[in-house]
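J.: This is the content of coords_1.pdb (PDB, C-alpha atoms and all ligand atoms):
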ATOM      1  CA  MET A   1      -5.412  14.068  55.741  1.00  0.00           C
ATOM      2  CA  SER A   2      -6.652  16.758  53.361  1.00  0.00           C
ATOM      3  CA  ILE A   3      -8.156  16.048  49.955  1.00  0.00           C
ATOM      4  CA  ILE A   4      -5.041  17.617  48.392  1.00  0.00           C
ATOM      5  CA  ASP A   5      -2.835  15.131  50.273  1.00  0.00           C
ATOM      6  CA  SER A   6      -4.991  12.299  48.943  1.00  0.00           C
ATOM      7  CA  LEU A   7      -4.767  13.593  45.379  1.00  0.00           C
ATOM      8  CA  ASN A   8      -0.991  13.912  45.643  1.00  0.00           C
ATOM      9  CA  TRP A   9      -0.835  10.374  47.054  1.00  0.00           C
ATOM     10  CA  ARG A  10      -2.722   8.873  44.112  1.00  0.00           C
ATOM     11  CA  TYR A  11      -1.125   8.110  40.772  1.00  0.00           C
ATOM     12  CA  ALA A  12      -2.040   5.937  37.820  1.00  0.00           C
ATOM     13  CA  THR A  13      -0.899   2.634  39.285  1.00  0.00           C
ATOM     14  CA  THR A  14       0.712   0.392  36.706  1.00  0.00           C
ATOM     15  CA  LYS A  15       1.829  -2.413  39.020  1.00  0.00           C
ATOM     16  CA  PHE A  16      -0.577  -3.802  41.601  1.00  0.00           C
ATOM     17  CA  ASP A  17       0.329  -6.182  44.410  1.00  0.00           C
ATOM     18  CA  ARG A  18      -1.595  -9.310  43.436  1.00  0.00           C
ATOM     19  CA  ASN A  19      -1.677 -10.532  47.024  1.00  0.00           C
ATOM     20  CA  LYS A  20      -3.497  -7.535  48.450  1.00  0.00           C
ATOM     21  CA  LYS A  21      -7.261  -7.542  48.075  1.00  0.00           C
ATOM     22  CA  ILE A  22      -9.810  -4.830  48.802  1.00  0.00           C
ATOM     23  CA  SER A  23     -12.131  -5.888  51.645  1.00  0.00           C
ATOM     24  CA  ASN A  24     -15.833  -6.399  51.019  1.00  0.00           C
ATOM     25  CA  SER A  25     -16.688  -3.503  53.317  1.00  0.00           C
ATOM     26  CA  ASP A  26     -14.420  -1.162  51.365  1.00  0.00           C
ATOM     27  CA  ILE A  27     -15.976  -2.349  48.093  1.00  0.00           C
ATOM     28  CA  SER A  28     -19.378  -1.468  49.555  1.00  0.00           C
ATOM     29  CA  LYS A  29     -18.082   2.047  50.305  1.00  0.00           C
ATOM     30  CA  LEU A  30     -16.702   2.399  46.778  1.00  0.00           C
ATOM     31  CA  LYS A  31     -20.106   1.369  45.390  1.00  0.00           C
ATOM     32  CA  GLU A  32     -21.755   4.069  47.488  1.00  0.00           C
ATOM     33  CA  ILE A  33     -19.258   6.638  46.185  1.00  0.00           C
ATOM     34  CA  VAL A  34     -20.078   5.759  42.554  1.00  0.00           C
ATOM     35  CA  LYS A  35     -23.781   5.633  43.318  1.00  0.00           C
ATOM     36  CA  LEU A  36     -23.665   9.207  44.646  1.00  0.00           C
ATOM     37  CA  SER A  37     -22.077  10.491  41.446  1.00  0.00           C
ATOM     38  CA  PRO A  38     -24.083  13.212  39.709  1.00  0.00           C
ATOM     39  CA  SER A  39     -25.300  12.529  36.168  1.00  0.00           C
ATOM     40  CA  SER A  40     -27.096  14.504  33.496  1.00  0.00           C
ATOM     41  CA  TRP A  41     -30.819  14.772  34.363  1.00  0.00           C
ATOM     42  CA  GLY A  42     -30.018  12.339  37.215  1.00  0.00           C
ATOM     43  CA  LEU A  43     -30.560   9.422  34.847  1.00  0.00           C
ATOM     44  CA  GLN A  44     -27.450   7.323  35.606  1.00  0.00           C
ATOM     45  CA  PHE A  45     -27.620   5.605  32.234  1.00  0.00           C
ATOM     46  CA  TYR A  46     -24.677   3.375  33.005  1.00  0.00           C
ATOM     47  CA  LYS A  47     -23.846   0.144  34.743  1.00  0.00           C
ATOM     48  CA  ILE A  48     -20.600  -0.600  36.522  1.00  0.00           C
ATOM     49  CA  LEU A  49     -19.378  -4.179  36.365  1.00  0.00           C
ATOM     50  CA  ILE A  50     -16.949  -5.179  39.119  1.00  0.00           C
ATOM     51  CA  PHE A  51     -14.697  -8.189  38.588  1.00  0.00           C
ATOM     52  CA  SER A  52     -12.528  -9.809  41.231  1.00  0.00           C
ATOM     53  CA  ASN A  53     -12.561 -13.243  39.573  1.00  0.00           C
ATOM     54  CA  GLN A  54      -9.044 -13.978  38.313  1.00  0.00           C
ATOM     55  CA  GLU A  55     -10.233 -16.083  35.376  1.00  0.00           C
ATOM     56  CA  ILE A  56     -12.341 -13.267  33.959  1.00  0.00           C
ATOM     57  CA  LYS A  57      -9.627 -10.642  34.525  1.00  0.00           C
ATOM     58  CA  ASP A  58      -7.109 -12.899  32.732  1.00  0.00           C
ATOM     59  CA  LYS A  59      -9.546 -13.340  29.857  1.00  0.00           C
ATOM     60  CA  LEU A  60      -9.909  -9.572  29.488  1.00  0.00           C
ATOM     61  CA  LEU A  61      -6.157  -8.899  29.599  1.00  0.00           C
ATOM     62  CA  PRO A  62      -5.395  -9.326  25.857  1.00  0.00           C
ATOM     63  CA  ALA A  63      -8.280  -6.971  24.999  1.00  0.00           C
ATOM     64  CA  ALA A  64      -6.543  -4.347  27.171  1.00  0.00           C
ATOM     65  CA  TYR A  65      -3.324  -4.550  25.150  1.00  0.00           C
ATOM     66  CA  ASN A  66      -1.893  -6.765  27.896  1.00  0.00           C
ATOM     67  CA  GLN A  67      -1.751  -3.889  30.344  1.00  0.00           C
ATOM     68  CA  LYS A  68      -1.138  -5.925  33.472  1.00  0.00           C
ATOM     69  CA  GLN A  69      -3.200  -3.708  35.776  1.00  0.00           C
ATOM     70  CA  VAL A  70      -6.301  -5.446  34.447  1.00  0.00           C
ATOM     71  CA  ALA A  71      -5.208  -8.870  35.698  1.00  0.00           C
ATOM     72  CA  ASP A  72      -3.149  -7.905  38.751  1.00  0.00           C
ATOM     73  CA  CYS A  73      -5.622  -5.534  40.377  1.00  0.00           C
ATOM     74  CA  SER A  74      -7.887  -6.644  43.189  1.00  0.00           C
ATOM     75  CA  HIS A  75     -11.137  -5.411  41.613  1.00  0.00           C
ATOM     76  CA  LEU A  76     -11.642  -4.261  38.035  1.00  0.00           C
ATOM     77  CA  PHE A  77     -14.393  -1.682  37.533  1.00  0.00           C
ATOM     78  CA  VAL A  78     -15.739  -1.655  33.960  1.00  0.00           C
ATOM     79  CA  PHE A  79     -17.868   1.422  33.315  1.00  0.00           C
ATOM     80  CA  CYS A  80     -20.511   0.656  30.697  1.00  0.00           C
ATOM     81  CA  SER A  81     -23.022   3.049  29.186  1.00  0.00           C
ATOM     82  CA  LEU A  82     -26.378   2.124  27.730  1.00  0.00           C
ATOM     83  CA  LYS A  83     -25.998   1.445  24.010  1.00  0.00           C
ATOM     84  CA  ASP A  84     -29.371   2.896  23.110  1.00  0.00           C
ATOM     85  CA  VAL A  85     -31.839   4.804  25.240  1.00  0.00           C
ATOM     86  CA  HIS A  86     -35.474   3.703  25.052  1.00  0.00           C
ATOM     87  CA  GLU A  87     -38.486   5.418  26.520  1.00  0.00           C
ATOM     88  CA  LYS A  88     -38.806   2.594  29.046  1.00  0.00           C
ATOM     89  CA  ASP A  89     -35.320   3.397  30.421  1.00  0.00           C
ATOM     90  CA  ILE A  90     -36.418   6.952  31.143  1.00  0.00           C
ATOM     91  CA  ASN A  91     -39.716   5.764  32.638  1.00  0.00           C
ATOM     92  CA  GLN A  92     -37.842   3.398  34.947  1.00  0.00           C
ATOM     93  CA  MET A  93     -35.769   6.264  36.353  1.00  0.00           C
ATOM     94  CA  ILE A  94     -38.775   8.574  36.580  1.00  0.00           C
ATOM     95  CA  ASP A  95     -40.480   5.851  38.671  1.00  0.00           C
ATOM     96  CA  GLN A  96     -37.548   6.132  41.089  1.00  0.00           C
ATOM     97  CA  PHE A  97     -38.137   9.878  41.367  1.00  0.00           C
ATOM     98  CA  HIS A  98     -41.778   9.215  42.282  1.00  0.00           C
ATOM     99  CA  ILE A  99     -40.931   6.483  44.776  1.00  0.00           C
ATOM    100  CA  LEU A 100     -38.046   8.245  46.519  1.00  0.00           C
ATOM    101  CA  ARG A 101     -39.546  11.731  46.586  1.00  0.00           C
ATOM    102  CA  SER A 102     -43.150  10.836  47.379  1.00  0.00           C
ATOM    103  CA  ASN A 103     -42.642  11.703  51.069  1.00  0.00           C
ATOM    104  CA  ASP A 104     -40.986  15.061  50.346  1.00  0.00           C
ATOM    105  CA  LYS A 105     -43.002  18.009  51.664  1.00  0.00           C
ATOM    106  CA  ASP A 106     -43.145  19.595  48.216  1.00  0.00           C
ATOM    107  CA  TYR A 107     -43.715  16.358  46.258  1.00  0.00           C
ATOM    108  CA  SER A 108     -45.718  16.982  43.121  1.00  0.00           C
ATOM    109  CA  LYS A 109     -46.630  14.190  40.724  1.00  0.00           C
ATOM    110  CA  ASP A 110     -47.263  16.717  37.982  1.00  0.00           C
ATOM    111  CA  SER A 111     -43.913  18.438  38.258  1.00  0.00           C
ATOM    112  CA  ILE A 112     -42.092  15.096  37.983  1.00  0.00           C
ATOM    113  CA  GLU A 113     -44.203  14.239  34.937  1.00  0.00           C
ATOM    114  CA  ASN A 114     -43.294  17.610  33.388  1.00  0.00           C
ATOM    115  CA  TYR A 115     -39.656  16.837  34.118  1.00  0.00           C
ATOM    116  CA  SER A 116     -40.083  13.436  32.458  1.00  0.00           C
ATOM    117  CA  ASN A 117     -41.442  15.079  29.309  1.00  0.00           C
ATOM    118  CA  GLU A 118     -38.473  17.478  29.179  1.00  0.00           C
ATOM    119  CA  VAL A 119     -36.034  14.575  29.605  1.00  0.00           C
ATOM    120  CA  LYS A 120     -37.690  12.582  26.823  1.00  0.00           C
ATOM    121  CA  LYS A 121     -37.658  15.541  24.460  1.00  0.00           C
ATOM    122  CA  SER A 122     -33.962  16.139  25.078  1.00  0.00           C
ATOM    123  CA  VAL A 123     -32.601  12.593  25.271  1.00  0.00           C
ATOM    124  CA  LEU A 124     -34.757  10.837  22.677  1.00  0.00           C
ATOM    125  CA  GLY A 125     -34.364  13.845  20.357  1.00  0.00           C
ATOM    126  CA  MET A 126     -30.579  13.493  20.093  1.00  0.00           C
ATOM    127  CA  ASN A 127     -29.137  11.909  16.991  1.00  0.00           C
ATOM    128  CA  LYS A 128     -27.431   8.548  17.532  1.00  0.00           C
ATOM    129  CA  HIS A 129     -23.879   9.929  17.571  1.00  0.00           C
ATOM    130  CA  LYS A 130     -24.657  12.758  19.985  1.00  0.00           C
ATOM    131  CA  GLN A 131     -26.572  10.419  22.257  1.00  0.00           C
ATOM    132  CA  SER A 132     -23.724   7.931  22.358  1.00  0.00           C
ATOM    133  CA  GLU A 133     -21.161  10.656  23.181  1.00  0.00           C
ATOM    134  CA  TRP A 134     -23.458  12.034  25.872  1.00  0.00           C
ATOM    135  CA  LEU A 135     -23.907   8.571  27.407  1.00  0.00           C
ATOM    136  CA  LYS A 136     -20.149   8.008  27.536  1.00  0.00           C
ATOM    137  CA  LYS A 137     -19.496  11.362  29.223  1.00  0.00           C
ATOM    138  CA  GLN A 138     -21.690  10.284  32.119  1.00  0.00           C
ATOM    139  CA  CYS A 139     -19.335   7.357  32.771  1.00  0.00           C
ATOM    140  CA  TYR A 140     -16.351   9.700  33.043  1.00  0.00           C
ATOM    141  CA  ILE A 141     -18.037  11.744  35.758  1.00  0.00           C
ATOM    142  CA  ALA A 142     -18.611   8.581  37.796  1.00  0.00           C
ATOM    143  CA  LEU A 143     -15.059   7.449  37.047  1.00  0.00           C
ATOM    144  CA  GLY A 144     -13.627  10.734  38.369  1.00  0.00           C
ATOM    145  CA  GLN A 145     -15.661  10.507  41.528  1.00  0.00           C
ATOM    146  CA  LEU A 146     -14.574   6.909  42.132  1.00  0.00           C
ATOM    147  CA  MET A 147     -10.885   7.779  41.621  1.00  0.00           C
ATOM    148  CA  VAL A 148     -11.071  10.558  44.200  1.00  0.00           C
ATOM    149  CA  GLY A 149     -12.963   8.263  46.569  1.00  0.00           C
ATOM    150  CA  CYS A 150     -10.318   5.565  46.149  1.00  0.00           C
ATOM    151  CA  ALA A 151      -7.550   8.063  46.894  1.00  0.00           C
ATOM    152  CA  ASP A 152      -9.386   9.240  50.009  1.00  0.00           C
ATOM    153  CA  MET A 153      -9.501   5.608  51.183  1.00  0.00           C
ATOM    154  CA  ARG A 154      -5.868   5.007  50.202  1.00  0.00           C
ATOM    155  CA  ILE A 155      -6.909   2.515  47.558  1.00  0.00           C
ATOM    156  CA  ASP A 156      -4.876   2.616  44.360  1.00  0.00           C
ATOM    157  CA  SER A 157      -6.382   2.810  40.901  1.00  0.00           C
ATOM    158  CA  CYS A 158      -5.534   3.375  37.259  1.00  0.00           C
ATOM    159  CA  PRO A 159      -7.988   4.996  34.824  1.00  0.00           C
ATOM    160  CA  MET A 160      -7.765   3.185  31.492  1.00  0.00           C
ATOM    161  CA  GLU A 161      -8.979   3.932  27.994  1.00  0.00           C
ATOM    162  CA  GLY A 162      -6.367   1.631  26.511  1.00  0.00           C
ATOM    163  CA  PHE A 163      -8.575  -1.344  25.734  1.00  0.00           C
ATOM    164  CA  LYS A 164     -10.662  -2.623  22.848  1.00  0.00           C
ATOM    165  CA  SER A 165     -14.223  -1.837  23.752  1.00  0.00           C
ATOM    166  CA  ASN A 166     -15.685  -4.134  21.075  1.00  0.00           C
ATOM    167  CA  GLU A 167     -13.692  -7.095  22.444  1.00  0.00           C
ATOM    168  CA  PHE A 168     -14.702  -6.367  26.043  1.00  0.00           C
ATOM    169  CA  ASP A 169     -18.311  -6.159  24.871  1.00  0.00           C
ATOM    170  CA  GLU A 170     -18.020  -9.539  23.208  1.00  0.00           C
ATOM    171  CA  ILE A 171     -16.262 -11.307  26.089  1.00  0.00           C
ATOM    172  CA  LEU A 172     -18.729  -9.911  28.621  1.00  0.00           C
ATOM    173  CA  ASP A 173     -21.768 -10.325  26.375  1.00  0.00           C
ATOM    174  CA  LEU A 174     -22.697  -6.676  26.839  1.00  0.00           C
ATOM    175  CA  ASP A 175     -24.571  -6.177  23.577  1.00  0.00           C
ATOM    176  CA  SER A 176     -27.411  -8.440  24.682  1.00  0.00           C
ATOM    177  CA  GLN A 177     -27.781  -6.256  27.791  1.00  0.00           C
ATOM    178  CA  ASN A 178     -27.907  -3.026  25.753  1.00  0.00           C
ATOM    179  CA  LEU A 179     -24.543  -2.002  27.224  1.00  0.00           C
ATOM    180  CA  THR A 180     -21.133  -1.022  25.866  1.00  0.00           C
ATOM    181  CA  SER A 181     -17.840  -0.696  27.756  1.00  0.00           C
ATOM    182  CA  VAL A 182     -16.508   2.867  28.009  1.00  0.00           C
ATOM    183  CA  VAL A 183     -13.645   3.147  30.495  1.00  0.00           C
ATOM    184  CA  LEU A 184     -11.906   0.953  33.093  1.00  0.00           C
ATOM    185  CA  LEU A 185     -10.677   1.427  36.630  1.00  0.00           C
ATOM    186  CA  PRO A 186      -8.509  -1.352  38.026  1.00  0.00           C
ATOM    187  CA  THR A 187      -8.320  -0.890  41.820  1.00  0.00           C
ATOM    188  CA  GLY A 188      -6.251  -2.441  44.579  1.00  0.00           C
ATOM    189  CA  TYR A 189      -2.915  -1.781  46.235  1.00  0.00           C
ATOM    190  CA  ARG A 190       0.336  -0.655  44.630  1.00  0.00           C
ATOM    191  CA  SER A 191       3.303  -2.977  44.389  1.00  0.00           C
ATOM    192  CA  ASP A 192       6.519  -1.732  46.022  1.00  0.00           C
ATOM    193  CA  GLU A 193       8.089  -2.304  42.622  1.00  0.00           C
ATOM    194  CA  ASP A 194       5.903   0.195  40.759  1.00  0.00           C
ATOM    195  CA  LYS A 195       8.408   2.886  39.834  1.00  0.00           C
ATOM    196  CA  TYR A 196       5.693   5.380  38.898  1.00  0.00           C
ATOM    197  CA  GLN A 197       4.794   5.951  42.538  1.00  0.00           C
ATOM    198  CA  HIS A 198       8.100   7.815  42.989  1.00  0.00           C
ATOM    199  CA  LYS A 199       7.747  10.088  39.962  1.00  0.00           C
ATOM    200  CA  THR A 200       7.076  13.781  40.397  1.00  0.00           C
ATOM    201  CA  LYS A 201       3.622  14.779  39.201  1.00  0.00           C
ATOM    202  CA  VAL A 202       3.579  16.677  35.925  1.00  0.00           C
ATOM    203  CA  ARG A 203       0.790  19.234  35.672  1.00  0.00           C
ATOM    204  CA  LYS A 204       0.330  22.534  33.835  1.00  0.00           C
ATOM    205  CA  PRO A 205       1.275  25.645  35.816  1.00  0.00           C
ATOM    206  CA  ASN A 206      -1.747  27.620  37.064  1.00  0.00           C
ATOM    207  CA  ASN A 207      -1.249  30.425  34.562  1.00  0.00           C
ATOM    208  CA  LEU A 208      -1.748  27.998  31.672  1.00  0.00           C
ATOM    209  CA  LEU A 209      -4.577  26.103  33.282  1.00  0.00           C
ATOM    210  CA  PHE A 210      -6.747  28.855  34.723  1.00  0.00           C
ATOM    211  CA  VAL A 211      -7.994  32.228  33.639  1.00  0.00           C
ATOM    212  CA  ASP A 212      -8.962  34.337  36.627  1.00  0.00           C
ATOM    213  CA  GLU A 213     -11.102  37.210  35.441  1.00  0.00           C
TER
HETATM  214  C1  LIG B   1      -9.286   8.747  30.687  1.00  0.00           C
HETATM  215  C2  LIG B   1      -7.917   8.232  31.004  1.00  0.00           C
HETATM  216  C3  LIG B   1      -7.410   7.133  30.323  1.00  0.00           C
HETATM  217  C4  LIG B   1      -6.172   6.598  30.666  1.00  0.00           C
HETATM  218  N1  LIG B   1      -5.731   5.443  30.059  1.00  0.00           N
HETATM  219  C5  LIG B   1      -4.603   4.832  30.529  1.00  0.00           C
HETATM  220  C6  LIG B   1      -4.227   3.547  30.066  1.00  0.00           C
HETATM  221  O1  LIG B   1      -4.874   2.929  29.231  1.00  0.00           O
HETATM  222  N2  LIG B   1      -3.108   2.995  30.590  1.00  0.00           N
HETATM  223  C7  LIG B   1      -2.350   3.626  31.545  1.00  0.00           C
HETATM  224  O2  LIG B   1      -1.340   3.061  32.015  1.00  0.00           O
HETATM  225  N3  LIG B   1      -2.698   4.856  32.009  1.00  0.00           N
HETATM  226  C8  LIG B   1      -3.799   5.459  31.530  1.00  0.00           C
HETATM  227  N4  LIG B   1      -4.174   6.699  32.033  1.00  0.00           N
HETATM  228  C9  LIG B   1      -3.362   7.336  33.093  1.00  0.00           C
HETATM  229  C10 LIG B   1      -2.714   8.651  32.694  1.00  0.00           C
HETATM  230  O3  LIG B   1      -1.623   8.397  31.849  1.00  0.00           O
HETATM  231  C11 LIG B   1      -2.316   9.398  33.963  1.00  0.00           C
HETATM  232  O4  LIG B   1      -3.462   9.646  34.716  1.00  0.00           O
HETATM  233  C12 LIG B   1      -1.610  10.713  33.666  1.00  0.00           C
HETATM  234  O5  LIG B   1      -0.375  10.472  33.037  1.00  0.00           O
HETATM  235  C13 LIG B   1      -1.375  11.543  34.924  1.00  0.00           C
HETATM  236  O6  LIG B   1      -0.619  10.825  35.877  1.00  0.00           O
HETATM  237  P1  LIG B   1      -1.163  10.471  37.335  1.00  0.00           P
HETATM  238  O7  LIG B   1      -2.544   9.941  37.150  1.00  0.00           O
HETATM  239  O8  LIG B   1      -0.211   9.406  37.822  1.00  0.00           O
HETATM  240  O9  LIG B   1      -1.127  11.698  38.162  1.00  0.00           O
HETATM  241  C14 LIG B   1      -5.384   7.241  31.668  1.00  0.00           C
HETATM  242  C15 LIG B   1      -5.917   8.369  32.327  1.00  0.00           C
HETATM  243  C16 LIG B   1      -7.159   8.844  32.015  1.00  0.00           C
HETATM  244  C17 LIG B   1      -7.720  10.012  32.811  1.00  0.00           C
END
Mind turning this structure into C-alpha cells?
T.:
Amino acid sequence: MSIIDSLNWRYATTKFDRNKKISNSDISKLKEIVKLSPSSWGLQFYKILIFSNQEIKDKLLPAAYNQKQVADCSHLFVFCSLKDVHEKDINQMIDQFHILRSNDKDYSKDSIENYSNEVKKSVLGMNKHKQSEWLKKQCYIALGQLMVGCADMRIDSCPMEGFKSNEFDEILDLDSQNLTSVVLLPTGYRSDEDKYQHKTKVRKPNNLLFVDE
C-alpha cells in the first residue's frame, strides 16, 4: 500500500467502534512514531497523555462539547505543551544531547554548549504570547506525524480542536505539571455506521493550493 492509499483511506472518524481496541504492541509503535517527530531546536517541549480508561474518557466528554469520539475511541491522545519554559527545561534536553551524542565521532562538548546558548537566547527571549504560540505549534507537528502513522497502520483517528482546554487542564490537573492541553487525537477503529467514511474527500484543486515557479 502506498502512502497516498493510506492518506485516502483515513478520514476524521466521528464514530468509533467501542468494542475494538488498539493492541499494546500497536500503541508502542504509535509512541515511537510520535517520539520521532521533529520539533523546533529538537526540544520536544510537549507531553502526550494517552487515555484508554473509560472513566477518564467519559469525564472528559462534556469538556469536548460531547463529541463522542472522545469517549468511544480506544485510546485518546491529549497533546499538551509546556505552559512556561524555564532554563532547567532547556538544560534537561541539552543533557540528552550530551548523553546520546557522546559516542558520535564528531562529538564536541563545546559545540553543544554553544547550541544551548543559542537556544536559550531564542526561547527565553520570546515574549509570553509568542512563546505560547510557538509551544503549541510543536504539538501540531507531532499530531500530523501521528495521524499519518495511524493511517499507515490502518488505525483510525480524528484530530480535534473542539474542546475546552481550560476544562481539560483542570480535570487532568495539568497546571501543577506546567502543562496545558493543545489538541486531541482519539484513535481506534471506525464503526460501520460512521457515514463520513463513505464521503468523497474535499480538497482544493492543485492550481489553488500550489504555486509552481
Ligand atoms: C486541527 C484540527 C482540528 C479539528 N477539530 C475537529 C473537531 O473538533 N471535531 C471534528 O469532528 N473534526 C475535527 N477536525 C476534522 C476536520 O474537520 C477534517 O479533518 C476535515 O474536514 C477534512 O476531512 P478528513 O480529515 O476526513 O479528510 C479537525 C481537524 C484538524 C486538522
J.: What are the centre and edge lengths in Å, to one decimal, of the axis-aligned box around all listed atoms of ligand LIG 1 (chain B) with 5 Å added on each side, as JSON?
T.:
{"center_x": -4.7, "center_y": 7.3, "center_z": 33.7, "size_x": 19.1, "size_y": 18.8, "size_z": 18.9}
J.: Kindly compile the residues surrounding ligand LIG 1 (chain B) within 7 Å, counting all atoms listed in the file, and format them as a list in words.
T.: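 Here is the list of contacting residues: Arg10, Tyr11, Ala12, Thr13, Thr14, Cys158, Pro159, Met160, Glu161, Gly162, Phe163 and Lys201 of chain A.
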J.: Taking the file as shown, find all residues satisfying the PyMOL selection byres (((chain A and resi 20) around 10) and not hetatm) and write them as a list in words.
T.: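 That expression, the PyMOL selection byres (((chain A and resi 20) around 10) and not hetatm), corresponds here to Phe16, Asp17, Arg18, Asn19, Lys21, Ile22, Ser23, Asp72, Cys73, Ser74, Gly188, Tyr189, Arg190 and Ser191 of chain A.
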J.: Could you please determine the separation between atom CA of A:Lys136 and atom CA of A:Tyr46 in Å, to one decimal place?
T.: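 Distance between the two atoms: 8.5 Å.
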J.: Would you mind reading off the distance between atom CA of A:Ile112 and atom CA of A:His98, one decimal, in Å?
T.: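 Taking atom CA of A:Ile112 and atom CA of A:His98, their separation equals 7.3 Å.
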J.: So how far away is atom CA of A:Thr180 from atom CA of A:Phe168, in Å?
T.: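 Atom CA of A:Thr180 lies at a distance of 8.4 Å from atom CA of A:Phe168.
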J.: Which residues, named as in the file, does the PyMOL selection byres (((chain A and resi 172-175) around 12) and not hetatm) pick out? Answer as number ranges by chain.
T.: A: 46-51, 56-57, 59-60, 63, 78-84, 165-171, 176-182
J.: Residue by residue, what does the PyMOL selection byres (((chain A and resi 145) around 12) and not hetatm) grab here? Present the result as number ranges by chain.
T.: A: 7, 30-39, 138-144, 146-152, 159, 185
J.: Identify which of the residues A:Lys164, A:Arg101, A:Lys109, A:Lys15 lies closest to A:Gln69, counting all atoms listed in the file when measuring atom-to-atom distances.
T.: A:Lys15
J.: Any idea what's packed within 9 Å of A:Trp9, counting only C-alpha atoms, ignoring anything in its chain fewer than 4 positions away? Could you give it as a PyMOL selection string?
T.: chain A and resi 4-5+151+154+197
J.: Determine the nearest neighbour of A:Leu76 from the options A:Phe97, A:Asp212, A:Asn53, A:Ser2, counting all atoms listed in the file.
T.: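 Selected residue with least distance to A:Leu76: A:Asn53.
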J.: Let me make sure I understand: among A:Thr187, A:Asn127, A:Asn103, A:Ser122, which one has the smallest atom-to-atom distance to A:Met153 if we use all atoms listed in the file?
T.: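 Among A:Thr187, A:Asn127, A:Asn103, A:Ser122, it is A:Thr187 that comes nearest to A:Met153.
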J.: Return stretch 155-167 of chain A, completed with N, CA, C and O atoms, as a PDB file, keeping the file's coordinate frame.
T.:
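Heads up, here's the output in result33.pdb:
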ATOM      1  N   ILE A 155      -6.821   3.662  48.471  1.00  0.00           N
ATOM      2  CA  ILE A 155      -6.909   2.515  47.558  1.00  0.00           C
ATOM      3  C   ILE A 155      -6.363   3.001  46.222  1.00  0.00           C
ATOM      4  O   ILE A 155      -6.714   4.098  45.755  1.00  0.00           O
ATOM      5  N   ASP A 156      -5.484   2.206  45.626  1.00  0.00           N
ATOM      6  CA  ASP A 156      -4.876   2.616  44.360  1.00  0.00           C
ATOM      7  C   ASP A 156      -5.783   2.285  43.180  1.00  0.00           C
ATOM      8  O   ASP A 156      -6.604   1.357  43.234  1.00  0.00           O
ATOM      9  N   SER A 157      -5.575   3.041  42.105  1.00  0.00           N
ATOM     10  CA  SER A 157      -6.382   2.810  40.901  1.00  0.00           C
ATOM     11  C   SER A 157      -5.637   3.312  39.678  1.00  0.00           C
ATOM     12  O   SER A 157      -4.652   4.036  39.797  1.00  0.00           O
ATOM     13  N   CYS A 158      -6.127   2.896  38.516  1.00  0.00           N
ATOM     14  CA  CYS A 158      -5.534   3.375  37.259  1.00  0.00           C
ATOM     15  C   CYS A 158      -6.639   3.556  36.215  1.00  0.00           C
ATOM     16  O   CYS A 158      -7.200   2.560  35.730  1.00  0.00           O
ATOM     17  N   PRO A 159      -6.972   4.812  35.876  1.00  0.00           N
ATOM     18  CA  PRO A 159      -7.988   4.996  34.824  1.00  0.00           C
ATOM     19  C   PRO A 159      -7.435   4.460  33.511  1.00  0.00           C
ATOM     20  O   PRO A 159      -6.263   4.653  33.221  1.00  0.00           O
ATOM     21  N   MET A 160      -8.269   3.784  32.739  1.00  0.00           N
ATOM     22  CA  MET A 160      -7.765   3.185  31.492  1.00  0.00           C
ATOM     23  C   MET A 160      -8.742   3.301  30.329  1.00  0.00           C
ATOM     24  O   MET A 160      -9.867   2.813  30.398  1.00  0.00           O
ATOM     25  N   GLU A 161      -8.247   3.939  29.268  1.00  0.00           N
ATOM     26  CA  GLU A 161      -8.979   3.932  27.994  1.00  0.00           C
ATOM     27  C   GLU A 161      -8.306   2.980  27.021  1.00  0.00           C
ATOM     28  O   GLU A 161      -8.830   2.736  25.937  1.00  0.00           O
ATOM     29  N   GLY A 162      -7.136   2.515  27.396  1.00  0.00           N
ATOM     30  CA  GLY A 162      -6.367   1.631  26.511  1.00  0.00           C
ATOM     31  C   GLY A 162      -6.898   0.207  26.530  1.00  0.00           C
ATOM     32  O   GLY A 162      -6.305  -0.681  27.167  1.00  0.00           O
ATOM     33  N   PHE A 163      -8.015   0.012  25.883  1.00  0.00           N
ATOM     34  CA  PHE A 163      -8.575  -1.344  25.734  1.00  0.00           C
ATOM     35  C   PHE A 163      -9.521  -1.331  24.545  1.00  0.00           C
ATOM     36  O   PHE A 163      -9.972  -0.268  24.105  1.00  0.00           O
ATOM     37  N   LYS A 164      -9.774  -2.536  24.013  1.00  0.00           N
ATOM     38  CA  LYS A 164     -10.662  -2.623  22.848  1.00  0.00           C
ATOM     39  C   LYS A 164     -12.082  -2.857  23.330  1.00  0.00           C
ATOM     40  O   LYS A 164     -12.429  -3.962  23.766  1.00  0.00           O
ATOM     41  N   SER A 165     -12.864  -1.792  23.231  1.00  0.00           N
ATOM     42  CA  SER A 165     -14.223  -1.837  23.752  1.00  0.00           C
ATOM     43  C   SER A 165     -15.039  -2.953  23.085  1.00  0.00           C
ATOM     44  O   SER A 165     -15.781  -3.674  23.766  1.00  0.00           O
ATOM     45  N   ASN A 166     -14.870  -3.103  21.755  1.00  0.00           N
ATOM     46  CA  ASN A 166     -15.685  -4.134  21.075  1.00  0.00           C
ATOM     47  C   ASN A 166     -15.345  -5.535  21.580  1.00  0.00           C
ATOM     48  O   ASN A 166     -16.223  -6.388  21.727  1.00  0.00           O
ATOM     49  N   GLU A 167     -14.070  -5.770  21.931  1.00  0.00           N
ATOM     50  CA  GLU A 167     -13.692  -7.095  22.444  1.00  0.00           C
ATOM     51  C   GLU A 167     -14.201  -7.311  23.870  1.00  0.00           C
ATOM     52  O   GLU A 167     -14.653  -8.403  24.221  1.00  0.00           O
TER      53      GLU A 167
END
